[in-house]
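> So I've got this file, my_file_1.txt, and it contains compact mmCIF, C-alpha atoms and all ligand atoms:
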# COMPACT_ATOMS: atom_id res chain seq x y z
CA MET A 1 129.95 128.62 117.54
CA PRO A 2 126.22 127.78 117.86
CA GLU A 3 125.47 124.09 118.24
CA MET A 4 122.44 121.85 118.09
CA LYS A 5 122.34 118.47 119.84
CA ILE A 6 120.09 115.87 118.31
CA SER A 7 118.93 112.83 120.27
CA PHE A 8 117.26 109.95 118.50
CA LEU A 9 114.67 108.45 120.86
CA GLY A 10 113.17 106.18 118.20
CA THR A 11 114.49 105.27 114.75
CA GLY A 12 112.31 102.35 113.63
CA SER A 13 109.79 102.20 110.81
CA GLY A 14 106.14 101.52 111.60
CA THR A 15 106.73 97.80 111.11
CA SER A 16 110.03 97.70 112.99
CA THR A 17 110.27 95.13 115.77
CA ASN A 18 113.56 96.01 117.47
CA ARG A 19 113.55 99.79 117.47
CA ALA A 20 111.25 102.37 118.98
CA HIS A 21 109.03 104.30 116.59
CA THR A 22 110.03 107.77 115.40
CA ALA A 23 110.84 110.49 117.93
CA ILE A 24 113.74 112.96 117.86
CA VAL A 25 114.82 115.70 120.28
CA TYR A 26 116.52 118.90 119.16
CA ASP A 27 118.41 120.85 121.82
CA CYS A 28 119.03 124.21 120.24
CA ASP A 29 121.80 126.64 121.14
CA ASP A 30 119.34 129.17 122.60
CA GLY A 31 118.03 126.61 125.13
CA THR A 32 114.96 125.64 123.12
CA ARG A 33 114.14 121.91 123.33
CA LEU A 34 111.88 120.45 120.65
CA LEU A 35 110.31 117.02 120.38
CA ILE A 36 109.84 115.98 116.76
CA ASP A 37 107.15 113.27 116.57
CA THR A 38 106.16 111.29 119.62
CA SER A 39 106.79 107.61 118.78
CA SER A 40 104.22 105.19 120.24
CA GLY A 41 103.59 103.89 123.74
CA ASN A 42 106.05 105.07 126.37
CA SER A 43 109.12 105.21 124.09
CA VAL A 44 109.70 108.95 124.52
CA ALA A 45 109.78 108.47 128.30
CA ARG A 46 111.86 105.30 128.13
CA SER A 47 114.49 106.44 125.62
CA GLY A 48 114.52 109.95 127.05
CA SER A 49 115.18 108.59 130.52
CA ALA A 50 118.17 106.61 129.23
CA LEU A 51 119.62 109.87 127.85
CA GLY A 52 118.74 112.12 130.80
CA ILE A 53 115.90 113.83 128.90
CA PRO A 54 112.84 113.78 131.18
CA VAL A 55 109.54 113.22 129.40
CA GLU A 56 107.80 115.88 131.51
CA GLY A 57 110.29 118.52 130.37
CA PHE A 58 108.96 118.98 126.84
CA ASP A 59 106.99 122.15 126.11
CA GLN A 60 106.88 122.09 122.29
CA VAL A 61 106.14 119.24 119.87
CA LEU A 62 106.28 119.25 116.08
CA LEU A 63 104.26 116.49 114.41
CA SER A 64 104.88 115.18 110.89
CA HIS A 65 101.66 113.18 110.32
CA TYR A 66 98.97 111.15 111.99
CA HIS A 67 100.25 107.59 111.53
CA PRO A 68 100.32 106.05 115.01
CA ASP A 69 104.07 105.30 114.93
CA HIS A 70 104.57 109.10 114.98
CA LEU A 71 101.51 110.37 116.85
CA SER A 72 100.25 107.90 119.43
CA GLY A 73 103.03 108.44 121.99
CA LEU A 74 101.68 111.96 122.45
CA LEU A 75 99.07 110.62 124.88
CA PHE A 76 101.75 109.26 127.20
CA VAL A 77 103.95 112.35 126.92
CA GLN A 78 101.11 114.64 127.96
CA HIS A 79 99.96 112.23 130.68
CA ALA A 80 103.39 112.03 132.34
CA ARG A 81 103.92 115.77 131.93
CA ALA A 82 100.57 116.77 133.39
CA LEU A 83 101.17 114.55 136.43
CA ALA A 84 104.72 115.75 137.05
CA ARG A 85 104.14 119.45 136.38
CA GLN A 86 100.80 120.52 137.81
CA ASP A 87 101.51 124.19 137.09
CA ALA A 88 102.99 123.73 133.61
CA PRO A 89 101.58 125.71 130.69
CA PRO A 90 99.80 123.60 128.06
CA LEU A 91 102.05 121.42 125.92
CA ASP A 92 102.21 123.20 122.55
CA ILE A 93 101.61 120.91 119.56
CA TYR A 94 102.31 122.17 116.03
CA LEU A 95 100.54 120.13 113.36
CA THR A 96 98.56 120.35 110.12
CA GLY A 97 94.75 120.44 110.01
CA GLU A 98 94.52 116.83 108.82
CA THR A 99 96.83 115.63 111.58
CA LEU A 100 94.72 117.55 114.10
CA GLU A 101 91.55 115.74 113.01
CA TRP A 102 93.19 112.42 113.86
CA ALA A 103 94.81 113.72 117.03
CA ILE A 104 91.35 114.74 118.24
CA LYS A 105 89.92 111.31 117.38
CA MET A 106 92.80 109.66 119.25
CA CYS A 107 92.32 111.84 122.33
CA ASN A 108 88.58 111.17 122.29
CA SER A 109 89.20 107.43 122.30
CA THR A 110 91.26 107.44 125.48
CA HIS A 111 90.83 108.21 129.14
CA LEU A 112 94.49 108.92 129.74
CA ASN A 113 93.84 112.06 131.77
CA VAL A 114 91.87 113.52 128.87
CA ALA A 115 88.43 114.89 129.70
CA GLU A 116 87.67 117.48 127.04
CA VAL A 117 89.03 117.76 123.50
CA ASP A 118 88.32 120.47 120.95
CA GLN A 119 89.92 122.54 118.18
CA GLU A 120 91.87 124.54 120.79
CA GLY A 121 93.39 121.74 122.81
CA VAL A 122 92.84 119.23 125.57
CA LYS A 123 91.69 119.64 129.16
CA ASN A 124 92.20 117.01 131.84
CA SER A 125 89.80 115.91 134.55
CA ASP A 126 90.79 118.90 136.72
CA GLY A 127 89.68 121.24 133.95
CA ARG A 128 93.30 122.23 133.32
CA GLN A 129 94.39 122.76 129.72
CA VAL A 130 97.20 120.25 129.20
CA MET A 131 97.68 120.52 125.43
CA ARG A 132 97.24 123.36 122.96
CA TRP A 133 97.05 122.79 119.19
CA THR A 134 98.57 125.20 116.68
CA VAL A 135 97.57 124.38 113.11
CA VAL A 136 100.33 125.22 110.65
CA GLU A 137 100.39 125.75 106.90
CA PRO A 138 103.37 124.74 104.79
CA GLY A 139 105.87 127.60 104.55
CA GLU A 140 104.46 129.49 107.53
CA GLN A 141 107.23 130.45 109.95
CA ILE A 142 106.63 129.75 113.63
CA ASN A 143 108.73 131.15 116.46
CA LEU A 144 109.81 128.57 119.01
CA GLY A 145 112.63 130.27 120.92
CA PRO A 146 114.84 133.38 121.00
CA THR A 147 116.72 132.34 117.82
CA THR A 148 114.71 129.25 116.84
CA THR A 149 112.05 129.12 114.15
CA ALA A 150 110.45 126.30 112.19
CA SER A 151 108.38 125.77 109.11
CA CYS A 152 106.87 122.68 107.57
CA PHE A 153 106.74 121.58 103.94
CA PRO A 154 104.44 119.03 102.27
CA ALA A 155 105.57 115.40 102.29
CA ASP A 156 104.45 112.83 99.73
CA HIS A 157 103.01 110.22 102.09
CA ILE A 158 99.43 110.64 103.35
CA SER A 159 97.06 113.59 103.46
CA GLY A 160 98.38 116.36 105.69
CA ALA A 161 101.85 114.82 106.06
CA VAL A 162 104.75 117.24 106.31
CA GLY A 163 108.47 117.43 106.99
CA TRP A 164 110.01 120.11 109.19
CA ARG A 165 112.81 122.61 108.76
CA VAL A 166 114.10 124.05 112.03
CA ASP A 167 116.38 127.10 111.95
CA SER A 168 118.42 127.94 115.02
CA GLY A 169 121.71 129.68 115.69
CA GLY A 170 122.30 130.30 111.99
CA MET A 171 121.88 126.71 110.81
CA SER A 172 119.00 124.58 109.67
CA VAL A 173 118.14 120.98 110.37
CA VAL A 174 115.57 119.31 108.15
CA PHE A 175 113.52 116.22 108.95
CA SER A 176 111.82 114.47 106.03
CA GLY A 177 108.96 112.93 107.95
CA ASP A 178 107.64 109.88 106.11
CA THR A 179 107.75 110.55 102.39
CA ARG A 180 108.44 109.32 98.93
CA PHE A 181 111.23 111.16 97.07
CA ASN A 182 110.17 114.75 97.66
CA PRO A 183 111.12 117.76 95.48
CA LYS A 184 109.47 120.05 98.06
CA LEU A 185 111.91 118.76 100.66
CA ILE A 186 114.83 119.54 98.36
CA GLU A 187 113.58 123.12 98.08
CA ALA A 188 113.14 123.44 101.86
CA ALA A 189 116.48 121.78 102.64
CA LYS A 190 118.70 123.93 100.40
CA GLY A 191 122.02 124.40 102.18
CA ALA A 192 120.85 122.75 105.39
CA ARG A 193 123.45 121.78 107.98
CA LEU A 194 121.78 118.39 108.44
CA LEU A 195 119.13 116.35 106.68
CA ILE A 196 117.46 113.56 108.65
CA HIS A 197 115.73 111.46 106.01
CA GLU A 198 113.67 108.31 106.18
CA ALA A 199 115.02 105.27 104.32
CA PHE A 200 112.60 102.37 104.27
CA ARG A 201 114.22 100.10 101.68
CA THR A 202 117.22 99.75 99.37
CA ASP A 203 116.93 100.96 95.78
CA GLU A 204 116.34 97.38 94.65
CA ASP A 205 112.97 97.50 96.44
CA SER A 206 111.94 100.95 95.22
CA ASP A 207 108.51 99.77 94.04
CA TYR A 208 107.74 98.35 97.47
CA ALA A 209 108.98 101.50 99.23
CA ASN A 210 107.06 103.86 96.96
CA ASP A 211 103.86 101.76 97.09
CA HIS A 212 103.97 102.19 100.86
CA GLY A 213 104.57 105.95 100.67
CA HIS A 214 108.25 105.76 101.54
CA SER A 215 111.70 106.47 100.12
CA THR A 216 114.61 104.25 99.34
CA ALA A 217 118.02 105.04 100.80
CA GLY A 218 119.20 106.04 97.33
CA GLU A 219 116.35 108.53 97.11
CA ALA A 220 117.39 109.96 100.49
CA GLY A 221 120.91 110.32 99.10
CA ARG A 222 119.62 112.02 95.95
CA ALA A 223 117.60 114.47 98.05
CA ALA A 224 120.68 115.25 100.17
CA ALA A 225 122.84 115.80 97.07
CA GLN A 226 120.29 117.96 95.25
CA ALA A 227 119.66 120.10 98.35
CA GLY A 228 123.40 120.48 98.95
CA VAL A 229 123.17 119.64 102.63
CA ALA A 230 126.31 119.24 104.75
CA GLN A 231 125.35 115.93 106.39
CA LEU A 232 122.82 113.12 106.01
CA VAL A 233 121.39 110.81 108.68
CA LEU A 234 119.04 107.98 107.70
CA THR A 235 116.21 106.97 110.00
CA HIS A 236 112.81 105.16 110.01
CA ILE A 237 114.75 101.90 109.56
CA ASP A 238 112.87 98.64 109.02
CA THR A 239 113.60 95.35 110.78
CA GLU A 240 115.49 93.89 107.82
CA PHE A 241 118.24 96.52 108.27
CA ASP A 242 118.12 96.79 112.02
CA ALA A 243 121.32 94.92 112.78
CA ASN A 244 123.08 95.97 109.60
CA PRO A 245 122.08 99.21 107.85
CA LYS A 246 125.07 98.97 105.47
CA PRO A 247 122.98 98.17 102.36
CA LEU A 248 121.02 101.38 103.00
CA LEU A 249 124.18 103.41 103.52
CA ASP A 250 125.75 101.96 100.36
CA ASP A 251 122.75 103.10 98.30
CA ALA A 252 122.69 106.57 99.84
CA LYS A 253 126.41 107.02 99.24
CA LYS A 254 126.01 106.27 95.52
CA HIS A 255 124.25 109.62 95.24
CA TYR A 256 125.54 111.73 98.13
CA LYS A 257 129.23 112.19 98.89
CA GLY A 258 128.97 114.01 102.24
CA PRO A 259 129.07 112.39 105.69
CA THR A 260 126.28 109.82 105.93
CA SER A 261 125.17 107.59 108.78
CA ALA A 262 122.17 105.56 109.89
CA ALA A 263 120.67 106.54 113.23
CA ALA A 264 120.06 103.98 115.97
CA ASP A 265 117.89 104.42 119.06
CA LEU A 266 119.68 106.53 121.72
CA ASP A 267 122.20 107.95 119.23
CA GLN A 268 123.13 111.57 119.91
CA ILE A 269 124.93 113.88 117.50
CA THR A 270 125.93 117.51 117.77
CA VAL A 271 126.08 119.76 114.73
CA SER A 272 127.58 123.24 114.68
CA ALA A 273 127.01 126.16 112.36
ZN ZN B 301 106.33 106.07 110.01
ZN ZN B 302 103.68 107.22 108.03
How does this structure look as structure tokens?

Amino acid sequence: MPEMKISFLGTGSGTSTNRAHTAIVYDCDDGTRLLIDTSSGNSVARSGSALGIPVEGFDQVLLSHYHPDHLSGLLFVQHARALARQDAPPLDIYLTGETLEWAIKMCNSTHLNVAEVDQEGVKNSDGRQVMRWTVVEPGEQINLGPTTTASCFPADHISGAVGWRVDSGGMSVVFSGDTRFNPKLIEAAKGARLLIHEAFRTDEDSDYANDHGHSTAGEAGRAAAQAGVAQLVLTHIDTEFDANPKPLLDDAKKHYKGPTSAAADLDQITVSA
């Protein structure tokens, strides 16, 4: 039975103090390894190392949006990778046009082994192409491995923000990205094996969550129920719920009756078709 292993390298919100920022690894049944968002600083390397996932091993990255808690770790991933694998092909980055604009600005503002940046990718000081951008449109299917494809869908957060559906081995795993309650996610997540959904606040604080472009846990539960997914994992957890995510889980479970959990840094789960 095909399986997908999911490793949570970072599960904190942008304002979280005790968790790493968002980054998730999918190990698909066909051997494809995907990095979904890149956290900030060296968290991908640090958390990955704790789980035996070397930072230099990534070849494909899917980005949800340009907020630095999701994007800025990319610099350190590519830097470590380019040093460790001198003959590696460029790191492939899949992102929307708006996210690319900010990724280019970020690369231009650093000297972390970045010499030349353009619409194609990034070259280092040796003139070697170390990153390659692929701009994606919502709904467009991209091939990532023998039986692995992905497509993004619009998120309700900032301009150019998306969530990602990954299909592999006959099952789909959907990541919300950062978003308010999102009918487009429900469409994309129909019948998914797993929904990984952000949950910034409890339902009691829905105004605060929505004002900041985020969902409540109850809204994550509603999305899971309406999409008919088989399992829900909450992530993008803020400091208030770091030690005890139970209030979030309670709200999600009011709407969604399937298996529900809150991810913590270094959690790993395996789902099968
Ligand atoms: Zn975020
Ligand atoms: Zn964000």
> Just give me the gap between atom CA of A:Lys123 and atom CA of A:Pro54 in Å, one decimal is fine.
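If I compute the distance from atom CA of A:Lys123 to atom CA of A:Pro54, I get 22.0 Å.
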> Which value, in Å to one decimal, gives the distance between atom CA of A:Ala84 and atom CA of A:Tyr26?
21.7 Å
> Just how far from atom CA of A:Leu34 is atom CA of A:Leu9, in Å to one decimal?
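These atoms are spaced 12.3 Å apart.
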> Could you list, as an NGL selection string, all the residues within 7 Å of ligand ZN 302 (chain B), counting only C-alpha atoms and all ligand atoms?
:A and (65 or 67 or 157 or 178)
> May I have the residues within 9 Å of ligand ZN 301 (chain B), computed using all atoms listed in the file, as a list in words?
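Written in the requested form, the residues are Gly12, Ser13, Gly14, Thr15, His21, Thr22, Ser39, His65, His67, Pro68, Asp69, His70, Gly177, Asp178, Thr179, Glu198, His214 and His236 of chain A.
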> Select, counting only C-alpha atoms, all protein, DNA and RNA residues no farther than 9 Å from (122.6, 121.5, 102.3) in file coordinates, and express the selection as a list in words.
Ser172, Ile186, Ala189, Lys190, Gly191, Ala192, Arg193, Leu194, Leu195, Ala224, Ala225, Gln226, Ala227, Gly228, Val229, Ala230 and Gln231 of chain A
> Of the candidates A:Leu63, A:Ala45, A:Ala262, A:Gly213, which one gets nearest to A:Thr235 if we count all atoms listed in the file?
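Among A:Leu63, A:Ala45, A:Ala262, A:Gly213, it is A:Ala262 that comes nearest to A:Thr235.
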> Can you pull out the residues contacting A:Pro89? Cut-off 8 Å, using only C-alpha atoms, and skip same-chain residues under 2 positions away; I want them as a short mmCIF file (atom, residue, chain, number, x, y, z; two decimals) with C-alpha atoms, in the frame of the given file.

data_model
loop_
_atom_site.label_atom_id
_atom_site.label_comp_id
_atom_site.auth_asym_id
_atom_site.auth_seq_id
_atom_site.Cartn_x
_atom_site.Cartn_y
_atom_site.Cartn_z
CA ASP A 59 106.99 122.15 126.11
CA ASP A 87 101.51 124.19 137.09
CA LEU A 91 102.05 121.42 125.92
CA GLN A 129 94.39 122.76 129.72
CA VAL A 130 97.20 120.25 129.20
#
